[in-house]
file upload-v3.pdb (PDB, C-alpha atoms and all ligand atoms)
ATOM      1  CA  MET W1195     173.564 -58.230-188.110
ATOM      2  CA  PRO W1196     170.851 -57.475-185.562
ATOM      3  CA  ASP W1197     170.760 -53.763-184.805
ATOM      4  CA  TRP W1198     168.313 -53.749-181.907
ATOM      5  CA  THR W1199     169.401 -52.862-178.384
ATOM      6  CA  HIS W1200     166.972 -55.030-176.409
ATOM      7  CA  GLU W1201     165.740 -58.593-176.882
ATOM      8  CA  LEU W1202     162.580 -59.818-175.198
ATOM      9  CA  PRO W1203     162.357 -63.260-173.556
ATOM     10  CA  PRO W1204     161.454 -66.159-175.907
ATOM     11  CA  LEU W1205     157.883 -67.371-176.395
ATOM     12  CA  PRO W1206     156.698 -69.267-173.316
ATOM     13  CA  VAL W1207     155.705 -72.915-173.608
ATOM     14  CA  HIS W1208     151.937 -73.250-172.963
ATOM     15  CA  PRO W1209     151.272 -69.758-171.569
ATOM     16  CA  ASN W1210     148.347 -69.681-169.110
ATOM     17  CA  ARG W1211     147.789 -65.971-168.804
ATOM     18  CA  VAL W1212     147.628 -64.018-172.039
ATOM     19  CA  LEU W1213     147.325 -60.223-171.894
ATOM     20  CA  LEU W1214     145.783 -58.838-175.058
ATOM     21  CA  PHE W1215     146.541 -55.124-175.542
ATOM     22  CA  ILE W1216     144.426 -53.132-178.010
ATOM     23  CA  ALA W1217     144.731 -49.330-178.235
ATOM     24  CA  MET W1218     141.206 -48.339-179.327
ATOM     25  CA  GLU W1219     137.785 -49.601-178.292
ATOM     26  CA  GLY W1220     136.726 -49.607-181.962
ATOM     27  CA  GLU W1221     139.641 -51.940-182.767
ATOM     28  CA  ALA W1222     138.839 -54.204-179.830
ATOM     29  CA  ALA W1223     135.089 -54.596-180.470
ATOM     30  CA  PRO W1224     135.125 -57.115-183.383
ATOM     31  CA  LEU W1225     137.796 -59.168-181.674
ATOM     32  CA  ALA W1226     136.147 -59.087-178.279
ATOM     33  CA  GLY W1227     132.988 -60.385-179.940
ATOM     34  CA  ARG W1228     134.802 -63.375-181.355
ATOM     35  CA  LEU W1229     136.709 -64.198-178.166
ATOM     36  CA  GLY W1230     133.844 -63.515-175.766
ATOM     37  CA  LEU W1231     135.701 -60.677-174.036
ATOM     38  CA  ASN W1232     134.257 -57.528-172.526
ATOM     39  CA  VAL W1233     135.697 -54.294-174.004
ATOM     40  CA  ARG W1234     134.275 -51.950-171.383
ATOM     41  CA  GLY W1235     135.277 -52.286-167.765
ATOM     42  CA  THR W1236     138.938 -52.511-168.741
ATOM     43  CA  PRO W1237     141.802 -52.688-167.991
ATOM     44  CA  GLY W1238     141.737 -56.318-167.169
ATOM     45  CA  SER W1239     138.485 -58.001-168.176
ATOM     46  CA  ALA W1240     139.304 -61.672-168.001
ATOM     47  CA  ALA W1241     137.781 -64.519-170.008
ATOM     48  CA  ASN W1242     139.322 -67.903-170.768
ATOM     49  CA  SER W1243     142.528 -66.611-169.117
ATOM     50  CA  ILE W1244     142.785 -63.792-171.653
ATOM     51  CA  ASP W1245     142.984 -60.345-170.062
ATOM     52  CA  LEU W1246     141.887 -57.706-172.551
ATOM     53  CA  VAL W1247     143.527 -54.355-171.819
ATOM     54  CA  VAL W1248     142.264 -51.216-173.575
ATOM     55  CA  PRO W1249     143.420 -47.825-172.216
ATOM     56  CA  GLY W1250     139.846 -46.542-172.626
ATOM     57  CA  LEU W1251     138.362 -43.137-173.379
ATOM     58  CA  ASP W1252     139.674 -39.969-171.799
ATOM     59  CA  PRO W1253     136.759 -38.428-169.856
ATOM     60  CA  THR W1254     137.715 -34.841-170.730
ATOM     61  CA  VAL W1255     138.344 -35.325-174.447
ATOM     62  CA  GLY W1256     135.976 -38.232-175.047
ATOM     63  CA  ALA W1257     138.444 -39.980-177.398
ATOM     64  CA  ASP W1258     140.429 -43.219-177.090
ATOM     65  CA  ARG W1259     143.684 -42.838-175.172
ATOM     66  CA  ILE W1260     145.904 -43.683-178.148
ATOM     67  CA  GLY W1261     149.682 -43.241-178.188
ATOM     68  CA  PRO W1262     152.750 -44.411-176.275
ATOM     69  CA  ALA W1263     152.143 -42.728-172.905
ATOM     70  CA  TYR W1264     148.731 -44.277-172.278
ATOM     71  CA  ALA W1265     149.875 -47.610-173.729
ATOM     72  CA  ALA W1266     152.712 -47.777-171.182
ATOM     73  CA  TRP W1267     150.375 -46.645-168.387
ATOM     74  CA  ALA W1268     147.649 -49.183-169.121
ATOM     75  CA  LEU W1269     150.052 -52.079-169.666
ATOM     76  CA  THR W1270     152.067 -51.381-166.513
ATOM     77  CA  ARG W1271     148.890 -51.133-164.464
ATOM     78  CA  ALA W1272     147.559 -54.401-165.872
ATOM     79  CA  ILE W1273     150.864 -56.217-165.267
ATOM     80  CA  MET W1274     150.944 -55.025-161.661
ATOM     81  CA  ALA W1275     147.370 -56.283-161.133
ATOM     82  CA  ARG W1276     148.016 -59.706-162.689
ATOM     83  CA  ARG W1277     151.331 -60.631-164.283
ATOM     84  CA  PRO W1278     150.793 -62.317-167.678
ATOM     85  CA  ASP W1279     152.932 -65.058-169.249
ATOM     86  CA  ILE W1280     152.808 -63.190-172.543
ATOM     87  CA  VAL W1281     151.581 -59.871-173.949
ATOM     88  CA  VAL W1282     149.924 -59.893-177.383
ATOM     89  CA  ASN W1283     149.355 -56.555-179.137
ATOM     90  CA  ILE W1284     146.761 -56.415-181.891
ATOM     91  CA  GLY W1285     146.227 -53.114-183.673
ATOM     92  CA  THR W1286     146.004 -50.993-186.771
ATOM     93  CA  ALA W1287     148.974 -49.332-188.432
ATOM     94  CA  GLY W1288     150.107 -47.392-191.438
ATOM     95  CA  GLY W1289     151.715 -49.675-194.029
ATOM     96  CA  PHE W1290     154.226 -49.034-196.795
ATOM     97  CA  ALA W1291     153.137 -49.553-200.406
ATOM     98  CA  SER W1292     156.835 -49.444-201.388
ATOM     99  CA  GLN W1293     157.279 -52.647-199.351
ATOM    100  CA  GLY W1294     154.401 -54.299-201.207
ATOM    101  CA  LEU W1295     151.745 -53.754-198.540
ATOM    102  CA  GLY W1296     148.090 -52.920-199.185
ATOM    103  CA  ILE W1297     145.029 -52.049-197.097
ATOM    104  CA  ALA W1298     144.011 -54.771-194.594
ATOM    105  CA  ASP W1299     147.322 -56.634-195.033
ATOM    106  CA  LEU W1300     148.875 -58.047-191.869
ATOM    107  CA  VAL W1301     152.338 -57.480-190.391
ATOM    108  CA  LEU W1302     153.824 -59.668-187.682
ATOM    109  CA  ALA W1303     156.410 -57.546-185.860
ATOM    110  CA  ARG W1304     159.962 -58.864-185.646
ATOM    111  CA  ASP W1305     161.231 -55.662-183.990
ATOM    112  CA  THR W1306     160.052 -52.203-183.000
ATOM    113  CA  MET W1307     161.516 -48.794-182.146
ATOM    114  CA  PHE W1308     160.581 -45.135-181.621
ATOM    115  CA  HIS W1309     161.372 -43.649-185.031
ATOM    116  CA  ASP W1310     160.792 -40.082-183.786
ATOM    117  CA  ALA W1311     163.238 -40.204-180.855
ATOM    118  CA  ARG W1312     166.287 -38.043-181.587
ATOM    119  CA  VAL W1313     168.753 -37.775-178.688
ATOM    120  CA  ALA W1314     172.367 -36.924-179.586
ATOM    121  CA  LEU W1315     173.875 -38.389-176.427
ATOM    122  CA  PRO W1316     175.609 -41.763-176.145
ATOM    123  CA  GLY W1317     173.519 -44.321-174.252
ATOM    124  CA  PHE W1318     170.466 -42.098-174.006
ATOM    125  CA  ALA W1319     169.911 -42.357-177.770
ATOM    126  CA  ALA W1320     169.510 -46.131-177.446
ATOM    127  CA  ILE W1321     167.176 -45.724-174.451
ATOM    128  CA  ALA W1322     164.969 -43.217-176.288
ATOM    129  CA  ARG W1323     164.840 -45.286-179.482
ATOM    130  CA  ALA W1324     164.079 -48.454-177.476
ATOM    131  CA  HIS W1325     164.835 -50.634-180.498
ATOM    132  CA  THR W1326     163.568 -54.026-179.324
ATOM    133  CA  ARG W1327     163.422 -57.502-180.850
ATOM    134  CA  LEU W1328     160.081 -59.166-180.036
ATOM    135  CA  SER W1329     159.822 -62.703-178.652
ATOM    136  CA  PRO W1330     159.202 -65.074-181.584
ATOM    137  CA  SER W1331     162.360 -66.533-183.150
ATOM    138  CA  ASP W1332     162.876 -66.230-186.923
ATOM    139  CA  THR W1333     161.504 -69.766-187.348
ATOM    140  CA  GLU W1334     158.461 -69.022-185.180
ATOM    141  CA  LEU W1335     157.835 -65.750-187.039
ATOM    142  CA  ASP W1336     157.964 -67.515-190.409
ATOM    143  CA  ARG W1337     155.628 -70.273-189.266
ATOM    144  CA  LEU W1338     153.097 -67.843-187.726
ATOM    145  CA  ALA W1339     153.287 -65.541-190.748
ATOM    146  CA  SER W1340     152.558 -68.336-193.197
ATOM    147  CA  ASP W1341     149.646 -69.563-191.019
ATOM    148  CA  LEU W1342     148.139 -66.059-190.844
ATOM    149  CA  GLY W1343     149.107 -64.755-194.282
ATOM    150  CA  ALA W1344     151.208 -61.975-192.704
ATOM    151  CA  ARG W1345     154.497 -60.278-193.578
ATOM    152  CA  VAL W1346     157.340 -60.206-191.030
ATOM    153  CA  GLY W1347     159.386 -57.086-190.255
ATOM    154  CA  LEU W1348     159.933 -53.812-188.418
ATOM    155  CA  ALA W1349     156.819 -52.166-186.938
ATOM    156  CA  SER W1350     157.886 -48.725-185.764
ATOM    157  CA  SER W1351     156.154 -46.357-183.333
ATOM    158  CA  GLY W1352     155.873 -42.606-182.826
ATOM    159  CA  SER W1353     153.534 -40.021-181.361
ATOM    160  CA  SER W1354     152.199 -38.806-184.718
ATOM    161  CA  LEU W1355     149.728 -40.183-187.226
ATOM    162  CA  ASP W1356     151.314 -38.246-190.092
ATOM    163  CA  VAL W1357     154.886 -38.494-191.345
ATOM    164  CA  THR W1358     157.787 -36.115-192.058
ATOM    165  CA  THR W1359     160.086 -36.333-195.088
ATOM    166  CA  ASP W1360     163.007 -37.254-192.811
ATOM    167  CA  GLU W1361     160.949 -40.070-191.341
ATOM    168  CA  LEU W1362     160.043 -41.325-194.827
ATOM    169  CA  ALA W1363     163.766 -41.579-195.638
ATOM    170  CA  HIS W1364     164.354 -43.433-192.357
ATOM    171  CA  PHE W1365     161.493 -45.858-193.075
ATOM    172  CA  ALA W1366     162.885 -46.606-196.550
ATOM    173  CA  ARG W1367     166.411 -47.143-195.204
ATOM    174  CA  THR W1368     165.249 -49.492-192.428
ATOM    175  CA  ARG W1369     162.655 -51.223-194.668
ATOM    176  CA  THR W1370     159.954 -50.518-192.091
ATOM    177  CA  LEU W1371     156.705 -52.362-192.864
ATOM    178  CA  ALA W1372     154.290 -50.774-190.404
ATOM    179  CA  LYS W1373     153.949 -47.584-188.363
ATOM    180  CA  ASP W1374     151.802 -47.328-185.237
ATOM    181  CA  MET W1375     151.667 -45.302-182.003
ATOM    182  CA  GLU W1376     151.928 -47.920-179.226
ATOM    183  CA  LEU W1377     154.093 -50.964-179.949
ATOM    184  CA  ALA W1378     157.507 -49.534-178.950
ATOM    185  CA  ALA W1379     156.035 -48.350-175.637
ATOM    186  CA  LEU W1380     154.652 -51.828-174.947
ATOM    187  CA  ALA W1381     158.038 -53.312-175.855
ATOM    188  CA  ALA W1382     159.826 -50.973-173.439
ATOM    189  CA  VAL W1383     157.508 -52.049-170.607
ATOM    190  CA  CYS W1384     157.879 -55.749-171.526
ATOM    191  CA  ASN W1385     161.650 -55.347-171.641
ATOM    192  CA  ALA W1386     161.784 -53.684-168.225
ATOM    193  CA  GLU W1387     159.471 -56.385-166.800
ATOM    194  CA  ARG W1388     161.048 -59.250-168.824
ATOM    195  CA  ILE W1389     157.698 -60.404-170.214
ATOM    196  CA  PRO W1390     157.425 -61.935-173.734
ATOM    197  CA  LEU W1391     155.650 -59.878-176.431
ATOM    198  CA  VAL W1392     154.099 -60.664-179.827
ATOM    199  CA  ALA W1393     152.440 -58.076-182.105
ATOM    200  CA  LEU W1394     150.177 -58.306-185.127
ATOM    201  CA  LYS W1395     149.363 -55.122-187.064
ATOM    202  CA  GLY W1396     146.678 -54.579-189.720
ATOM    203  CA  VAL W1397     147.157 -51.865-192.354
ATOM    204  CA  THR W1398     144.452 -49.129-192.357
ATOM    205  CA  ASP W1399     146.371 -46.565-194.440
ATOM    206  CA  LEU W1400     149.439 -46.326-196.641
ATOM    207  CA  VAL W1401     152.124 -44.015-195.254
ATOM    208  CA  ASP W1402     153.819 -43.457-198.631
ATOM    209  CA  HIS W1403     150.564 -42.544-200.415
ATOM    210  CA  HIS W1404     149.285 -39.018-201.065
ATOM    211  CA  GLU W1405     145.961 -39.516-199.264
ATOM    212  CA  PRO W1406     146.111 -38.205-195.656
ATOM    213  CA  ALA W1407     146.427 -41.105-193.184
ATOM    214  CA  ALA W1408     143.447 -39.911-191.108
ATOM    215  CA  GLU W1409     140.996 -40.203-194.048
ATOM    216  CA  ALA W1410     142.175 -43.652-195.114
ATOM    217  CA  PHE W1411     142.219 -44.785-191.488
ATOM    218  CA  VAL W1412     138.563 -43.927-190.924
ATOM    219  CA  ARG W1413     137.485 -45.512-194.222
ATOM    220  CA  ASN W1414     139.385 -48.783-193.720
ATOM    221  CA  LEU W1415     139.137 -49.237-189.948
ATOM    222  CA  LYS W1416     136.222 -51.683-189.966
ATOM    223  CA  ARG W1417     137.552 -53.900-192.766
ATOM    224  CA  THR W1418     141.054 -54.051-191.288
ATOM    225  CA  CYS W1419     139.772 -54.819-187.795
ATOM    226  CA  GLU W1420     137.662 -57.680-189.157
ATOM    227  CA  ARG W1421     140.774 -59.089-190.820
ATOM    228  CA  LEU W1422     142.761 -58.654-187.585
ATOM    229  CA  ALA W1423     140.021 -60.354-185.565
ATOM    230  CA  GLU W1424     139.957 -63.258-188.015
ATOM    231  CA  ALA W1425     143.741 -63.712-187.685
ATOM    232  CA  THR W1426     143.924 -63.280-183.919
ATOM    233  CA  VAL W1427     142.002 -66.472-183.192
ATOM    234  CA  PRO W1428     144.566 -68.769-184.929
ATOM    235  CA  LEU W1429     147.420 -66.590-183.588
ATOM    236  CA  LEU W1430     146.300 -67.146-179.979
ATOM    237  CA  ARG W1431     145.757 -70.853-180.672
ATOM    238  CA  ALA W1432     149.277 -71.177-182.105
ATOM    239  CA  LEU W1433     150.843 -69.281-179.195
ATOM    240  CA  ARG W1434     149.094 -71.459-176.652
ATOM    241  CA  ALA W1435     150.120 -74.637-178.432
ATOM    242  CA  SER W1436     153.785 -73.643-178.739
TER     243      SER W1436
HETATM  244  N1  LIG U1501     141.637 -40.556-186.559
HETATM  245  C1  LIG U1501     141.363 -41.765-185.840
HETATM  246  C2  LIG U1501     142.336 -41.889-184.717
HETATM  247  C3  LIG U1501     143.284 -42.999-184.946
HETATM  248  S1  LIG U1501     144.904 -42.604-184.501
HETATM  249  C4  LIG U1501     139.921 -41.773-185.389
HETATM  250  O1  LIG U1501     139.201 -40.925-185.825
HETATM  251  O2  LIG U1501     139.495 -42.671-184.666
HETATM  252  C5  LIG U1501     145.734 -43.945-185.026
HETATM  253  C6  LIG U1501     145.639 -45.202-184.208
HETATM  254  O3  LIG U1501     145.777 -46.251-185.137
HETATM  255  C7  LIG U1501     146.802 -45.389-183.230
HETATM  256  O4  LIG U1501     146.384 -46.168-182.135
HETATM  257  C8  LIG U1501     147.869 -46.092-184.067
HETATM  258  O5  LIG U1501     148.533 -47.128-183.378
HETATM  259  C9  LIG U1501     147.128 -46.655-185.279
HETATM  260  N2  LIG U1501     147.571 -46.172-186.605
HETATM  261  C10 LIG U1501     146.901 -46.442-187.758
HETATM  262  N3  LIG U1501     147.528 -45.895-188.823
HETATM  263  C11 LIG U1501     148.618 -45.243-188.348
HETATM  264  C12 LIG U1501     149.656 -44.460-188.967
HETATM  265  N4  LIG U1501     149.694 -44.235-190.273
HETATM  266  N5  LIG U1501     150.609 -43.934-188.164
HETATM  267  C13 LIG U1501     150.580 -44.133-186.835
HETATM  268  N6  LIG U1501     149.630 -44.844-186.208
HETATM  269  C14 LIG U1501     148.643 -45.412-186.932
END

call {"tool": "encode", "arguments": {"input": "upload-v3.pdb", "output": "structure tokens"}}
result
Amino acid sequence: MPDWTHELPPLPVHPNRVLLFIAMEGEAAPLAGRLGLNVRGTPGSAANSIDLVVPGLDPTVGADRIGPAYAAWALTRAIMARRPDIVVNIGTAGGFASQGLGIADLVLARDTMFHDARVALPGFAAIARAHTRLSPSDTELDRLASDLGARVGLASSGSSLDVTTDELAHFARTRTLAKDMELAALAAVCNAERIPLVALKGVTDLVDHHEPAAEAFVRNLKRTCERLAEATVPLLRALRAS
């Protein structure tokens, strides 16, 4: 009984233009190295028909433009400049130990939503939650997941790195596997533009663990990004061969 509101178009056959969206420059660096992409000078540095889109650093704050607003901004801008056949999101996330996940484990997103959107109005609630099924079919998800050694499930987004007790109850009820700050925004843009979307998340911190997410994130960022980079190469190969 699917409970999402939106479904993205299916995976394209032999996509030519792949748009790779990564939220932070530090996440993009190991991957860019492997794929021969340029992290700076984004959005839209193209190599081998892969456009790498990173929202970049805010000049006032000097930090990466993380979160849903800048994700939607950077993706929309990149799509308008050069429409891709598929969007691939690679990024870090909080994982759930109660679902059997550990640091540097991978999650292939089946669906995504804004878990912190609360709007008690019919219709608008569904718009704000933006619960969206990503492009790979169940069979494609299973095949990709076994190739990459990833789990398949709900990767949920919000504007916060930390978590409230209400959100923890929601995550347990919905069996959420991963929690990030961009995927649901990318899905909303892809839904509005009818562009296929695939997402692979790497766990930097455990949401249902007593250690604050920020500390675990900083400690595990490098290791998790290496693991993500390692998995992205076969993921892109599989997507292009499908
Ligand atoms: N404190 C970090 C900032 C990272 S913010 C620093 O010093 O660099 C978190 C980023 O990683 C977001 O882009 C988000 O998508 C992802 N992320 C990792 N763990 C997360 C979690 N537990 N909850 C939400 N987002 C998380």

call {"tool": "residues_near_ligand", "arguments": {"input": "upload-v3.pdb", "ligand": "ligand LIG 1501 (chain U)", "cutoff": "6 Å", "atoms": "only C-alpha atoms and all ligand atoms", "output": "tab-separated table (two decimals) with C-alpha atoms, keeping the file's coordinate frame"}}
result
chain	number	residue	atom	x	y	z
W	1217	ALA	CA	144.73	-49.33	-178.24
W	1260	ILE	CA	145.90	-43.68	-178.15
W	1261	GLY	CA	149.68	-43.24	-178.19
W	1286	THR	CA	146.00	-50.99	-186.77
W	1287	ALA	CA	148.97	-49.33	-188.43
W	1288	GLY	CA	150.11	-47.39	-191.44
W	1354	SER	CA	152.20	-38.81	-184.72
W	1355	LEU	CA	149.73	-40.18	-187.23
W	1373	LYS	CA	153.95	-47.58	-188.36
W	1374	ASP	CA	151.80	-47.33	-185.24
W	1375	MET	CA	151.67	-45.30	-182.00
W	1376	GLU	CA	151.93	-47.92	-179.23
W	1398	THR	CA	144.45	-49.13	-192.36
W	1399	ASP	CA	146.37	-46.56	-194.44
W	1401	VAL	CA	152.12	-44.02	-195.25
W	1407	ALA	CA	146.43	-41.10	-193.18
W	1408	ALA	CA	143.45	-39.91	-191.11
W	1412	VAL	CA	138.56	-43.93	-190.92

call {"tool": "closest_residue", "arguments": {"input": "upload-v3.pdb", "among": "W:Arg1434, W:His1309, W:Lys1416, W:His1200", "to": "Glu1219 in chain W", "atoms": "all atoms listed in the file"}}
result
W:Lys1416

call {"tool": "resolve_selection", "arguments": {"input": "upload-v3.pdb", "expression": "the PyMOL selection byres (((chain W and resi 1348) around 8) and not hetatm)", "output": "NGL selection string"}}
result
:W and (1303-1306 or 1346-1347 or 1349-1350 or 1368-1372)

call {"tool": "closest_residue", "arguments": {"input": "upload-v3.pdb", "among": "W:Phe1365, W:Val1282, W:Leu1213, W:Ala1265", "to": "Pro1330 in chain W", "atoms": "all atoms listed in the file"}}
result
W:Val1282

call {"tool": "residues_around", "arguments": {"input": "upload-v3.pdb", "residues": "range 1222-1231 of chain W", "least_positions_apart": "2", "cutoff": "6 Å", "atoms": "all atoms listed in the file", "output": "PDB file with C-alpha atoms, keeping the file's coordinate frame"}}
result
ATOM      1  CA  ILE W1216     144.426 -53.132-178.010  1.00  0.00           C
ATOM      2  CA  GLU W1219     137.785 -49.601-178.292  1.00  0.00           C
ATOM      3  CA  GLY W1220     136.726 -49.607-181.962  1.00  0.00           C
ATOM      4  CA  ALA W1241     137.781 -64.519-170.008  1.00  0.00           C
ATOM      5  CA  ALA W1423     140.021 -60.354-185.565  1.00  0.00           C
TER       6      ALA W1423
END

call {"tool": "axis_aligned_box", "arguments": {"input": "upload-v3.pdb", "around": "range 1267-1284 of chain W", "padding_each_side": "3 Å", "output": "AutoDock Vina command-line options"}}
result
--center_x 149.8 --center_y -55.9 --center_z -171.5 --size_x 12.2 --size_y 24.4 --size_z 26.8

call {"tool": "resolve_selection", "arguments": {"input": "upload-v3.pdb", "expression": "the PyMOL selection byres (((chain W and resi 1297) around 10) and not hetatm)", "output": "number ranges by chain"}}
result
W: 1287-1291, 1295-1296, 1298-1300, 1396-1400, 1410-1411, 1414-1415, 1417-1418

call {"tool": "atom_distance", "arguments": {"input": "upload-v3.pdb", "atom1": "CA of Ala1366 in chain W", "atom2": "CA of Pro1390 in chain W"}}
result
28.0 Å

call {"tool": "closest_residue", "arguments": {"input": "upload-v3.pdb", "among": "W:Val1301, W:Ala1263, W:Ala1272, W:Val1207", "to": "Ala1432 in chain W", "atoms": "all atoms listed in the file"}}
result
W:Val1207

call {"tool": "residues_around", "arguments": {"input": "upload-v3.pdb", "residues": "Asp1258 in chain W", "least_positions_apart": "4", "cutoff": "6 Å", "atoms": "only C-alpha atoms", "output": "list in words"}}
result
Met1218, Gly1250 and Leu1251 of chain W

call {"tool": "resolve_selection", "arguments": {"input": "upload-v3.pdb", "expression": "the PyMOL selection byres (((chain W and resi 1343) around 9) and not hetatm)", "output": "ChimeraX atom specification"}}
result
/W:1299-1301,1338-1342,1344-1345,1425

call {"tool": "atom_distance", "arguments": {"input": "upload-v3.pdb", "atom1": "CA of Asp1336 in chain W", "atom2": "CA of Asp1279 in chain W"}}
result
21.9 Å

call {"tool": "atom_distance", "arguments": {"input": "upload-v3.pdb", "atom1": "CA of Ile1244 in chain W", "atom2": "CA of Ala1324 in chain W"}}
result
26.9 Å
